[in-house]
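Heads up, the thing below is written out as C-alpha cells.
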Amino acid sequence: MAKTKIAYFCQSCGFESAKWLGKCPSCQQWNTFVEEIIDKGNTASVPTWKVTSNTQQRANKPVQVADITFSEEHRMQTPDKEFNRVLGGGIVAGSLVLIGGEPGIGKSTLMLQLALNMPNLKVLYVSGEESERQIKMRAERLAPLPLEGGVISAGHNETPPSGGRGACYVLCETSTQNIFKQIEALEPDLVVIDSIQTLHSSHIESTPGSVSQVRECTAEMLRFAKETSTPVFLIGHITKDGMIAGPKILEHMVDTVLQFEGDRHHVYRILRTVKNRFGSASELGIYEMLGEGLREVSNPSEILLSQRDEPLSGITISATLEGMRPMLIETQALVSTSAYGTPQRTATGFDTKRMSMLLAVLEKRCGFRLGAKDVFLNITGGIRVEDPAIDLGLAAAIISSHEDMPIPFKTCFAGELGLSGEIRAVNRVEQRIAEAQKLGFNQIFISKYNLPSAGQDKKRMDLSRYDIEIKIVSSIEEVFSLLFG
C-alpha cells in the first residue's frame, strides 16, 4: 500500500511544516497548525482539465524579449465605468482577479450584476454557496432580464445573442474537475467563481477552504486562465482581521486583488485596488447600494460633501487623490476639554499616529495648548484616506474647533504639513484645483513650493487659467493669520 503524505499548515499565513509546531515561525501566531493530507501515493496523475482543440499552447522554450510579437492590448469593456477604472481600463484576457470583502458587503451582487450585463459574451457563474433558484431570485431583483439574455442553467449550450446583453450561465458545483468539464463543453468568455474557499480538488484530501485546497484550486484556475486566455474572477472570504482568508500566496498568484469595503450602516461601497499587474494599484471606485443592485457614482465629491446652511466650526474641505481621480472630502475635528487625566485621541478614516504629529506641530509652532484637550477627527463618507495632502485641511479644522471659529464657506485646502510647520508641496495640484473650481469653490490654499521656480518652465502650472482664488502659503502660521486674522 502506498504511503500517504501528510503536512501541517498554518491557518493564518499558510506556512508548511513537516511536523506540528506550537508557534508559527513565519507569522508568530500560536496554535494555528492543522494537519492535512496533501498527497496519496496510489492516486494517478490525471490532468486537472482538458485543453480544447482551439487553445493555443505556449512554447516551452526560452524566447528573447525582442522576438516576442505583441499587438495592441485589447481589454474587454464592461458597462460599469467604475469597474473598468479600477481594473486599469477593462478586463485583460487571461487575467485572474481576486475580490475580497466583508460578509454581506455586496461581492456576489457586484459579480452577478457584471455577469448579467456583459455585452455579447458568454459568462459562466459558478456558485458553491447558493442554489440556482436563489441566484435567479437575486438576478430578478437586480435588473429585469430581457428576452434575448438571462440566467441559463449550465448544460444548455446555446449561443449568446448577437446584440445587446450576453448570456449568463449558472453552475452550482464545488468540484474543480466537474467545473472544468462544463467549461470545456460551454467554452465561456468569462468565468466567475463564488467563492474560491468552497471549491475542492480530488487530488488533495482535505476539507474545502483549507490552505492546501485553496492553493491547489487557485493554481488550477490560474493554469486554465493563462492557457485559454479566459478571464477568471475569484470571490474570496476574509478573516476577522480583514485579511483575505487562505494562504498569503493566494494574493501573489493572482494578477489583480480588489478589496470591496464600506460601512454596512452606509449605502456607499468602495472598490479599491490592492494589487494590479495591468494598471495602477491605487484606483478606487464608489458604488451606492440600492434595492436594484449597485449603482456607480460618477462624481464622488458630491456625496462626500454634506450640505450645510450655516458655517460650523471644525469643518473643512480637503482636496485628495485616489489613483487618477481627484476628490473633495469633508474633514471634521472636535476639540474639547478632557474630563479625565489622560486626553483622548480618536481618528476615523485617518492614521492616529499622523494625527498626533499634527497636534504636536500645532502646539509647538502655533502655541495652541492641546495637551489637555480631547481631539476627535472624522473623514465623512466612511472612507479611509492616506493622502498627506489633507494635512492642511485637518490642521485648519483642529484650529477652527479649538478657537470655535468657522472656516469661510467654499474654502478648500491641499497641502502637506511638515514638522517645522512648513506647508509642503503635493503632487498633481492642478487636478485638485480644477476639481475645486468645478464644484464651485471660491478659494483654495496650496503650498508656495508647488509654484515653478525661476529655472523651471512657467507653463507647467499656469494659475491664470483658473477662476478660483488661489492662496499661496508657506507655513501654518500664515494659514492661521489668513483664516482668522
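Identifiers in this document derive from the order of the C-alpha cells: chains are assigned A, B, ..., residues are numbered from 1 separately in each chain, and ligands are numbered from 1 in order of occurrence.
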
Need to verify the contact set: stretch 476-480 of chain A, 9 Å, only C-alpha atoms, exclusion of same-chain residues closer than 6 positions in sequence. Can you return it as a PyMOL selection string?
chain A and resi 362+365-366+392+395-396+399+417+421-423+445

How would the residues just chosen look if you wrote them out with all heavy atoms as an mmCIF file, in the first residue's frame?
```cif
data_model
loop_
_atom_site.group_PDB
_atom_site.id
_atom_site.type_symbol
_atom_site.label_atom_id
_atom_site.label_comp_id
_atom_site.auth_asym_id
_atom_site.auth_seq_id
_atom_site.Cartn_x
_atom_site.Cartn_y
_atom_site.Cartn_z
ATOM 1 N N LEU A 362 1.087 71.790 15.780
ATOM 2 C CA LEU A 362 0.255 72.941 16.124
ATOM 3 C C LEU A 362 0.600 73.494 17.501
ATOM 4 O O LEU A 362 0.572 74.718 17.721
ATOM 5 C CB LEU A 362 -1.231 72.547 16.072
ATOM 6 C CG LEU A 362 -1.799 72.225 14.692
ATOM 7 C CD1 LEU A 362 -3.250 71.779 14.803
ATOM 8 C CD2 LEU A 362 -1.697 73.430 13.762
ATOM 9 N N ARG A 365 4.502 75.024 17.011
ATOM 10 C CA ARG A 365 4.728 76.129 16.098
ATOM 11 C C ARG A 365 3.703 77.247 16.230
ATOM 12 O O ARG A 365 4.014 78.399 15.929
ATOM 13 C CB ARG A 365 4.707 75.598 14.658
ATOM 14 C CG ARG A 365 5.704 74.480 14.387
ATOM 15 C CD ARG A 365 7.129 74.923 14.668
ATOM 16 N NE ARG A 365 8.081 73.817 14.536
ATOM 17 C CZ ARG A 365 9.378 73.917 14.847
ATOM 18 N NH1 ARG A 365 9.850 75.072 15.296
ATOM 19 N NH2 ARG A 365 10.167 72.874 14.707
ATOM 20 N N CYS A 366 2.484 76.903 16.643
ATOM 21 C CA CYS A 366 1.434 77.927 16.731
ATOM 22 C C CYS A 366 1.079 78.312 18.153
ATOM 23 O O CYS A 366 0.335 79.285 18.363
ATOM 24 C CB CYS A 366 0.174 77.441 16.007
ATOM 25 S SG CYS A 366 0.407 77.207 14.236
ATOM 26 N N LEU A 392 -3.187 69.835 5.744
ATOM 27 C CA LEU A 392 -3.511 71.244 5.923
ATOM 28 C C LEU A 392 -4.983 71.426 6.275
ATOM 29 O O LEU A 392 -5.326 72.240 7.151
ATOM 30 C CB LEU A 392 -3.167 72.010 4.646
ATOM 31 C CG LEU A 392 -3.379 73.533 4.683
ATOM 32 C CD1 LEU A 392 -2.604 74.147 5.830
ATOM 33 C CD2 LEU A 392 -2.974 74.153 3.355
ATOM 34 N N ALA A 395 -5.445 70.292 9.938
ATOM 35 C CA ALA A 395 -4.897 71.274 10.872
ATOM 36 C C ALA A 395 -5.816 72.485 10.982
ATOM 37 O O ALA A 395 -6.049 73.009 12.087
ATOM 38 C CB ALA A 395 -3.494 71.683 10.419
ATOM 39 N N ALA A 396 -6.359 72.942 9.849
ATOM 40 C CA ALA A 396 -7.286 74.076 9.887
ATOM 41 C C ALA A 396 -8.562 73.723 10.641
ATOM 42 O O ALA A 396 -9.124 74.555 11.366
ATOM 43 C CB ALA A 396 -7.606 74.516 8.463
ATOM 44 N N ILE A 399 -7.740 73.819 14.401
ATOM 45 C CA ILE A 399 -7.662 75.202 14.875
ATOM 46 C C ILE A 399 -9.049 75.831 14.953
ATOM 47 O O ILE A 399 -9.381 76.539 15.911
ATOM 48 C CB ILE A 399 -6.750 76.019 13.938
ATOM 49 C CG1 ILE A 399 -5.310 75.475 13.976
ATOM 50 C CG2 ILE A 399 -6.752 77.496 14.324
ATOM 51 C CD1 ILE A 399 -4.386 76.135 12.980
ATOM 52 N N LEU A 417 1.708 69.039 5.765
ATOM 53 C CA LEU A 417 2.273 69.785 6.880
ATOM 54 C C LEU A 417 3.553 69.112 7.353
ATOM 55 O O LEU A 417 3.553 67.928 7.697
ATOM 56 C CB LEU A 417 1.257 69.875 8.020
ATOM 57 C CG LEU A 417 1.617 70.755 9.212
ATOM 58 C CD1 LEU A 417 1.831 72.193 8.765
ATOM 59 C CD2 LEU A 417 0.536 70.678 10.273
ATOM 60 N N GLY A 421 6.454 73.076 10.632
ATOM 61 C CA GLY A 421 5.322 73.943 10.401
ATOM 62 C C GLY A 421 5.200 74.455 8.984
ATOM 63 O O GLY A 421 4.286 75.235 8.679
ATOM 64 N N GLU A 422 6.097 74.033 8.096
ATOM 65 C CA GLU A 422 6.017 74.487 6.709
ATOM 66 C C GLU A 422 4.956 73.703 5.955
ATOM 67 O O GLU A 422 4.656 72.551 6.293
ATOM 68 C CB GLU A 422 7.377 74.350 6.014
ATOM 69 C CG GLU A 422 7.717 72.959 5.494
ATOM 70 C CD GLU A 422 8.258 72.005 6.547
ATOM 71 O OE1 GLU A 422 8.214 72.381 7.742
ATOM 72 O OE2 GLU A 422 8.711 70.909 6.183
ATOM 73 N N ILE A 423 4.405 74.320 4.913
ATOM 74 C CA ILE A 423 3.423 73.674 4.055
ATOM 75 C C ILE A 423 4.167 73.126 2.846
ATOM 76 O O ILE A 423 4.672 73.887 2.016
ATOM 77 C CB ILE A 423 2.317 74.657 3.617
ATOM 78 C CG1 ILE A 423 1.706 75.347 4.845
ATOM 79 C CG2 ILE A 423 1.236 73.925 2.837
ATOM 80 C CD1 ILE A 423 1.105 74.400 5.849
ATOM 81 N N PHE A 445 -6.277 76.809 -0.676
ATOM 82 C CA PHE A 445 -4.954 77.041 -0.088
ATOM 83 C C PHE A 445 -3.997 75.965 -0.582
ATOM 84 O O PHE A 445 -4.261 74.761 -0.403
ATOM 85 C CB PHE A 445 -5.035 77.003 1.436
ATOM 86 C CG PHE A 445 -5.663 78.216 2.059
ATOM 87 C CD1 PHE A 445 -7.038 78.413 2.026
ATOM 88 C CD2 PHE A 445 -4.880 79.183 2.667
ATOM 89 C CE1 PHE A 445 -7.621 79.525 2.594
ATOM 90 C CE2 PHE A 445 -5.456 80.307 3.239
ATOM 91 C CZ PHE A 445 -6.824 80.483 3.208
#
```

Please, which residues of stretch 132-344 of chain A, numbered as in this document, come out strand (DSSP E or B) from DSSP, as a PyMOL selection string?
chain A and resi 151-153+165+167-172+175+190-194+200+205+232-236+238+244+256-261+268-276+284-290+293-296+315-322+325-337

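Note that the spacing between atom CA of A:Ala397 and atom CA of A:Ile446 amounts to 15.7 Å.
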
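Nearest residue to A:Ser95 among A:Asp255, A:Glu227, A:Asp194, A:Glu363 is A:Asp255, counting only C-alpha atoms.
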
Write out as a Markdown table a residue-level contact list of stretch 81-114 of chain A versus stretch 235-239 of chain A with cut-off 7 Å: for each qualifying residue the closest pair of atoms and the distance in Å to one decimal, counting only C-alpha atoms, rows sorted by chain and residue number upward.
```
| residue | atom | partner | partner_atom | distance |
| --- | --- | --- | --- | --- |
| A:Leu98 | CA | A:Ile235 | CA | 5.9 |
| A:Ile99 | CA | A:Ile235 | CA | 4.9 |
| A:Gly100 | CA | A:Gly236 | CA | 4.8 |
| A:Gly101 | CA | A:Ile238 | CA | 6.2 |
| A:Glu102 | CA | A:Ile238 | CA | 6.5 |
```

Per DSSP on the backbone, filter stretch 354-469 of chain A down to the residues in alpha helix (DSSP H) and report them as a tab-separated table (two decimals) with all heavy atoms, in the first residue's frame.
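Result file is out-v2.tsv:
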```
chain	number	residue	atom	x	y	z
A	354	ARG	N	-0.39	59.89	12.71
A	354	ARG	CA	-0.20	61.13	11.98
A	354	ARG	C	-1.02	62.27	12.62
A	354	ARG	O	-0.60	63.43	12.60
A	354	ARG	CB	-0.60	60.95	10.52
A	354	ARG	CG	-0.17	62.11	9.63
A	354	ARG	CD	-0.20	61.77	8.17
A	354	ARG	NE	0.36	62.84	7.36
A	354	ARG	CZ	1.64	62.99	7.08
A	354	ARG	NH1	2.53	62.12	7.56
A	354	ARG	NH2	2.08	63.99	6.35
A	355	MET	N	-2.16	61.94	13.19
A	355	MET	CA	-2.93	62.95	13.91
A	355	MET	C	-2.13	63.47	15.11
A	355	MET	O	-2.12	64.68	15.38
A	355	MET	CB	-4.26	62.37	14.38
A	355	MET	CG	-5.10	63.34	15.18
A	355	MET	SD	-6.57	62.60	15.94
A	355	MET	CE	-5.78	61.55	17.16
A	356	SER	N	-1.44	62.59	15.83
A	356	SER	CA	-0.61	63.02	16.95
A	356	SER	C	0.51	63.93	16.49
A	356	SER	O	0.88	64.90	17.18
A	356	SER	CB	-0.04	61.79	17.67
A	356	SER	OG	-1.08	60.95	18.15
A	357	MET	N	1.07	63.67	15.31
A	357	MET	CA	2.11	64.52	14.75
A	357	MET	C	1.56	65.92	14.44
A	357	MET	O	2.20	66.93	14.74
A	357	MET	CB	2.69	63.90	13.49
A	357	MET	CG	3.85	64.68	12.89
A	357	MET	SD	4.05	64.42	11.13
A	357	MET	CE	2.66	65.35	10.50
A	358	LEU	N	0.36	65.99	13.85
A	358	LEU	CA	-0.24	67.28	13.54
A	358	LEU	C	-0.51	68.08	14.81
A	358	LEU	O	-0.29	69.30	14.86
A	358	LEU	CB	-1.54	67.08	12.76
A	358	LEU	CG	-1.44	66.42	11.38
A	358	LEU	CD1	-2.84	66.27	10.76
A	358	LEU	CD2	-0.55	67.23	10.46
A	359	LEU	N	-0.97	67.43	15.87
A	359	LEU	CA	-1.23	68.12	17.13
A	359	LEU	C	0.06	68.65	17.74
A	359	LEU	O	0.10	69.76	18.29
A	359	LEU	CB	-1.93	67.17	18.10
A	359	LEU	CG	-3.32	66.68	17.70
A	359	LEU	CD1	-3.85	65.69	18.73
A	359	LEU	CD2	-4.28	67.84	17.54
A	360	ALA	N	1.15	67.85	17.62
A	360	ALA	CA	2.43	68.32	18.15
A	360	ALA	C	2.95	69.53	17.39
A	360	ALA	O	3.50	70.47	17.98
A	360	ALA	CB	3.45	67.18	18.11
A	361	VAL	N	2.77	69.54	16.07
A	361	VAL	CA	3.21	70.69	15.27
A	361	VAL	C	2.40	71.93	15.62
A	361	VAL	O	2.96	73.04	15.76
A	361	VAL	CB	3.09	70.35	13.76
A	361	VAL	CG1	3.34	71.59	12.91
A	361	VAL	CG2	4.08	69.26	13.38
A	362	LEU	N	1.09	71.79	15.78
A	362	LEU	CA	0.25	72.94	16.12
A	362	LEU	C	0.60	73.49	17.50
A	362	LEU	O	0.57	74.72	17.72
A	362	LEU	CB	-1.23	72.55	16.07
A	362	LEU	CG	-1.80	72.23	14.69
A	362	LEU	CD1	-3.25	71.78	14.80
A	362	LEU	CD2	-1.70	73.43	13.76
A	363	GLU	N	0.94	72.63	18.44
A	363	GLU	CA	1.28	73.09	19.79
A	363	GLU	C	2.65	73.75	19.82
A	363	GLU	O	2.87	74.73	20.53
A	363	GLU	CB	1.21	71.92	20.77
A	363	GLU	CG	1.39	72.33	22.21
A	363	GLU	CD	0.94	71.25	23.18
A	363	GLU	OE1	0.41	70.23	22.70
A	363	GLU	OE2	1.09	71.44	24.39
A	364	LYS	N	3.60	73.20	19.02
A	364	LYS	CA	4.96	73.72	19.04
A	364	LYS	C	5.09	74.99	18.22
A	364	LYS	O	5.73	75.97	18.65
A	364	LYS	CB	5.91	72.65	18.50
A	364	LYS	CG	7.37	73.06	18.42
A	364	LYS	CD	8.00	73.15	19.79
A	364	LYS	CE	9.48	73.43	19.70
A	364	LYS	NZ	10.12	73.55	21.02
A	365	ARG	N	4.50	75.02	17.01
A	365	ARG	CA	4.73	76.13	16.10
A	365	ARG	C	3.70	77.25	16.23
A	365	ARG	O	4.01	78.40	15.93
A	365	ARG	CB	4.71	75.60	14.66
A	365	ARG	CG	5.70	74.48	14.39
A	365	ARG	CD	7.13	74.92	14.67
A	365	ARG	NE	8.08	73.82	14.54
A	365	ARG	CZ	9.38	73.92	14.85
A	365	ARG	NH1	9.85	75.07	15.30
A	365	ARG	NH2	10.17	72.87	14.71
A	391	ASP	N	-3.40	67.07	5.22
A	391	ASP	CA	-2.86	67.55	6.49
A	391	ASP	C	-3.28	68.99	6.76
A	391	ASP	O	-3.67	69.34	7.88
A	391	ASP	CB	-1.33	67.47	6.48
A	391	ASP	CG	-0.83	66.03	6.59
A	391	ASP	OD1	-1.67	65.14	6.82
A	391	ASP	OD2	0.38	65.81	6.45
A	392	LEU	N	-3.19	69.83	5.74
A	392	LEU	CA	-3.51	71.24	5.92
A	392	LEU	C	-4.98	71.43	6.28
A	392	LEU	O	-5.33	72.24	7.15
A	392	LEU	CB	-3.17	72.01	4.65
A	392	LEU	CG	-3.38	73.53	4.68
A	392	LEU	CD1	-2.60	74.15	5.83
A	392	LEU	CD2	-2.97	74.15	3.36
A	393	GLY	N	-5.87	70.68	5.63
A	393	GLY	CA	-7.29	70.77	5.96
A	393	GLY	C	-7.60	70.30	7.36
A	393	GLY	O	-8.41	70.90	8.08
A	394	LEU	N	-6.93	69.22	7.81
A	394	LEU	CA	-7.15	68.73	9.17
A	394	LEU	C	-6.62	69.71	10.20
A	394	LEU	O	-7.25	69.94	11.24
A	394	LEU	CB	-6.48	67.36	9.33
A	394	LEU	CG	-7.16	66.18	8.63
A	394	LEU	CD1	-6.31	64.94	8.73
A	394	LEU	CD2	-8.53	65.93	9.25
A	395	ALA	N	-5.45	70.29	9.94
A	395	ALA	CA	-4.90	71.27	10.87
A	395	ALA	C	-5.82	72.49	10.98
A	395	ALA	O	-6.05	73.01	12.09
A	395	ALA	CB	-3.49	71.68	10.42
A	396	ALA	N	-6.36	72.94	9.85
A	396	ALA	CA	-7.29	74.08	9.89
A	396	ALA	C	-8.56	73.72	10.64
A	396	ALA	O	-9.12	74.56	11.37
A	396	ALA	CB	-7.61	74.52	8.46
A	397	ALA	N	-9.03	72.48	10.50
A	397	ALA	CA	-10.23	72.06	11.23
A	397	ALA	C	-9.98	72.00	12.73
A	397	ALA	O	-10.85	72.38	13.54
A	397	ALA	CB	-10.70	70.69	10.71
A	398	ILE	N	-8.79	71.55	13.13
A	398	ILE	CA	-8.45	71.50	14.56
A	398	ILE	C	-8.38	72.91	15.13
A	398	ILE	O	-8.90	73.19	16.23
A	398	ILE	CB	-7.13	70.74	14.75
A	398	ILE	CG1	-7.30	69.26	14.35
A	398	ILE	CG2	-6.65	70.84	16.19
A	398	ILE	CD1	-6.01	68.48	14.34
A	399	ILE	N	-7.74	73.82	14.40
A	399	ILE	CA	-7.66	75.20	14.88
A	399	ILE	C	-9.05	75.83	14.95
A	399	ILE	O	-9.38	76.54	15.91
A	399	ILE	CB	-6.75	76.02	13.94
A	399	ILE	CG1	-5.31	75.48	13.98
A	399	ILE	CG2	-6.75	77.50	14.32
A	399	ILE	CD1	-4.39	76.13	12.98
A	400	SER	N	-9.89	75.56	13.94
A	400	SER	CA	-11.24	76.11	13.93
A	400	SER	C	-12.06	75.63	15.12
A	400	SER	O	-12.79	76.41	15.75
A	400	SER	CB	-11.93	75.75	12.62
A	400	SER	OG	-13.29	76.11	12.62
A	401	SER	N	-11.95	74.34	15.44
A	401	SER	CA	-12.71	73.81	16.57
A	401	SER	C	-12.15	74.32	17.90
A	401	SER	O	-12.91	74.60	18.82
A	401	SER	CB	-12.68	72.28	16.53
A	401	SER	OG	-13.36	71.72	17.63
A	402	HIS	N	-10.83	74.46	17.97
A	402	HIS	CA	-10.22	74.94	19.22
A	402	HIS	C	-10.61	76.38	19.51
A	402	HIS	O	-10.90	76.75	20.65
A	402	HIS	CB	-8.70	74.80	19.12
A	402	HIS	CG	-7.97	75.23	20.36
A	402	HIS	ND1	-7.50	76.51	20.53
A	402	HIS	CD2	-7.65	74.54	21.50
A	402	HIS	CE1	-6.91	76.60	21.71
A	402	HIS	NE2	-6.98	75.43	22.32
A	403	GLU	N	-10.63	77.21	18.47
A	403	GLU	CA	-10.99	78.62	18.64
A	403	GLU	C	-12.49	78.85	18.52
A	403	GLU	O	-12.95	79.98	18.74
A	403	GLU	CB	-10.26	79.46	17.59
A	403	GLU	CG	-8.76	79.40	17.69
A	403	GLU	CD	-8.24	80.01	18.98
A	403	GLU	OE1	-8.83	81.01	19.43
A	403	GLU	OE2	-7.26	79.47	19.55
A	429	VAL	N	-1.21	69.02	-8.25
A	429	VAL	CA	-2.05	70.03	-7.62
A	429	VAL	C	-3.00	70.66	-8.63
A	429	VAL	O	-4.07	71.18	-8.26
A	429	VAL	CB	-1.16	71.10	-6.94
A	429	VAL	CG1	-0.42	71.93	-7.99
A	429	VAL	CG2	-1.96	72.01	-6.02
A	430	GLU	N	-2.66	70.62	-9.92
A	430	GLU	CA	-3.55	71.21	-10.93
A	430	GLU	C	-4.90	70.49	-10.96
A	430	GLU	O	-5.95	71.14	-11.10
A	430	GLU	CB	-2.90	71.15	-12.31
A	430	GLU	CG	-1.63	71.97	-12.44
A	430	GLU	CD	-0.40	71.14	-12.14
A	430	GLU	OE1	-0.56	70.07	-11.51
A	430	GLU	OE2	0.70	71.55	-12.53
A	431	GLN	N	-4.88	69.16	-10.83
A	431	GLN	CA	-6.14	68.42	-10.82
A	431	GLN	C	-6.97	68.75	-9.59
A	431	GLN	O	-8.20	68.80	-9.66
A	431	GLN	CB	-5.86	66.92	-10.90
A	431	GLN	CG	-5.18	66.48	-12.18
A	431	GLN	CD	-5.07	64.98	-12.27
A	431	GLN	OE1	-5.83	64.24	-11.63
A	431	GLN	NE2	-4.13	64.49	-13.06
A	432	ARG	N	-6.32	68.99	-8.48
A	432	ARG	CA	-7.04	69.34	-7.26
A	432	ARG	C	-7.70	70.71	-7.40
A	432	ARG	O	-8.84	70.92	-6.98
A	432	ARG	CB	-6.09	69.33	-6.07
A	432	ARG	CG	-5.35	68.00	-5.88
A	432	ARG	CD	-4.31	68.14	-4.77
A	432	ARG	NE	-3.36	67.04	-4.77
A	432	ARG	CZ	-3.40	65.97	-3.98
A	432	ARG	NH1	-4.39	65.85	-3.14
A	432	ARG	NH2	-2.48	65.02	-4.04
A	433	ILE	N	-6.97	71.66	-7.98
A	433	ILE	CA	-7.53	72.99	-8.18
A	433	ILE	C	-8.71	72.94	-9.15
A	433	ILE	O	-9.75	73.58	-8.94
A	433	ILE	CB	-6.44	73.95	-8.69
A	433	ILE	CG1	-5.32	74.10	-7.65
A	433	ILE	CG2	-7.03	75.32	-9.03
A	433	ILE	CD1	-4.15	74.93	-8.13
A	434	ALA	N	-8.56	72.15	-10.24
A	434	ALA	CA	-9.64	72.05	-11.22
A	434	ALA	C	-10.89	71.42	-10.62
A	434	ALA	O	-12.02	71.83	-10.92
A	434	ALA	CB	-9.16	71.25	-12.43
A	435	GLU	N	-10.72	70.43	-9.75
A	435	GLU	CA	-11.88	69.80	-9.10
A	435	GLU	C	-12.58	70.77	-8.17
A	435	GLU	O	-13.82	70.83	-8.12
A	435	GLU	CB	-11.42	68.55	-8.33
A	435	GLU	CG	-12.53	67.79	-7.63
A	435	GLU	CD	-13.45	67.05	-8.58
A	435	GLU	OE1	-13.11	66.93	-9.78
A	435	GLU	OE2	-14.51	66.58	-8.12
A	436	ALA	N	-11.81	71.56	-7.41
A	436	ALA	CA	-12.43	72.56	-6.53
A	436	ALA	C	-13.16	73.63	-7.32
A	436	ALA	O	-14.25	74.08	-6.93
A	436	ALA	CB	-11.36	73.18	-5.64
A	437	GLN	N	-12.59	74.04	-8.44
A	437	GLN	CA	-13.26	75.04	-9.27
A	437	GLN	C	-14.53	74.48	-9.90
A	437	GLN	O	-15.54	75.18	-9.99
A	437	GLN	CB	-12.29	75.52	-10.36
A	437	GLN	CG	-12.89	76.51	-11.34
A	437	GLN	CD	-11.88	76.97	-12.37
A	437	GLN	OE1	-10.74	77.24	-12.04
A	437	GLN	NE2	-12.30	77.04	-13.63
A	438	LYS	N	-14.51	73.22	-10.29
A	438	LYS	CA	-15.69	72.61	-10.92
A	438	LYS	C	-16.86	72.54	-9.95
A	438	LYS	O	-18.02	72.66	-10.36
A	438	LYS	CB	-15.33	71.21	-11.43
A	438	LYS	CG	-16.45	70.54	-12.19
A	438	LYS	CD	-16.02	69.17	-12.70
A	438	LYS	CE	-15.85	68.18	-11.56
A	438	LYS	NZ	-15.58	66.81	-12.04
```

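Considering the residues A:Ser229, A:Gly128, A:Asp351, A:Val297 and counting only C-alpha atoms, A:Pro208 has its shortest atom-to-atom contact with A:Gly128.
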
List the spatial neighbours of A:Val34 as JSON, numbers by chain - criterion: any atom at most 10 Å away, only C-alpha atoms, same-chain residues fewer than 5 positions off excluded.
{"A": [7, 8, 9, 10, 11, 16, 17, 19, 20, 21, 210, 211]}

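Near A:Ile196, within 8 Å and counting only C-alpha atoms, sit A:Gly209, A:Val214, A:Cys217, A:Thr218, A:Leu234, A:Ile235, A:Gly236; same-chain residues fewer than 6 positions away were not included.
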
Pick from A:Met324, A:Val192, A:Leu294, A:Ile470: nearest to A:Thr230, with only C-alpha atoms counted?
A:Val192

Atom pair atom CA of A:Ser108 + atom CA of A:Asn299, distance 24.3 Å

Counting only C-alpha atoms, the residue of A:Ala389, A:Ile472, A:Ile329, A:Met289 that sits nearest A:Val426:
A:Ala389

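Nearest residue to A:Arg277 among A:Ala245, A:Ala225, A:Val257, A:Cys13 is A:Val257, counting only C-alpha atoms.
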
Fewer than 3 positions away in the same chain doesn't count, so skip those; otherwise give me all residues within 8 Å of A:Lys373, counting only C-alpha atoms, as JSON, numbers by chain.
{"A": [335, 336, 337, 338, 343, 344, 369, 370]}

Close residues, stretch 305-316 of chain A itself excluded, 7 Å, only C-alpha atoms, min 2 positions apart in chain, as a short mmCIF file (atom, residue, chain, number, x, y, z; two decimals) with C-alpha atoms, in the first residue's frame:
```cif
data_model
loop_
_atom_site.label_atom_id
_atom_site.label_comp_id
_atom_site.auth_asym_id
_atom_site.auth_seq_id
_atom_site.Cartn_x
_atom_site.Cartn_y
_atom_site.Cartn_z
CA SER A 301 -17.20 64.62 -4.33
CA GLU A 302 -20.92 65.44 -4.27
CA ILE A 303 -21.74 62.55 -1.94
CA SER A 318 -9.69 68.94 1.56
CA ILE A 329 -13.73 65.24 1.08
CA GLU A 330 -15.08 66.76 4.26
CA THR A 331 -12.76 66.62 7.26
CA GLN A 332 -14.22 67.20 10.72
CA ALA A 333 -12.47 67.91 14.02
CA LEU A 334 -13.73 68.32 17.57
CA GLY A 393 -7.29 70.77 5.96
CA ALA A 397 -10.23 72.06 11.23
CA ILE A 398 -8.45 71.50 14.56
CA SER A 400 -11.24 76.11 13.93
CA SER A 401 -12.71 73.81 16.57
CA ASP A 404 -14.69 77.92 17.91
CA MET A 405 -14.45 79.99 14.74
CA PRO A 406 -15.89 78.57 11.48
CA ILE A 407 -13.93 78.36 8.24
CA PHE A 409 -17.72 78.88 3.05
#
```

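Taking atom CA of A:Glu187 as the reference point, atom CA of A:Lys275 is found at 28.1 Å.
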
I'd like the neighbourhood of A:Ile179 as a ChimeraX atom specification, where a residue qualifies if any of its atoms comes within 12 Å (using only C-alpha atoms), though same-chain residues fewer than 2 positions away should be ignored.
/A:48-50,124-128,154-155,170-177,181-188,191-193,199-201,217,220-221,224

Nearest residue to A:Pro326 out of A:Ala414, A:Leu110, A:Ile91, A:Cys27, using only C-alpha atoms?
A:Ala414
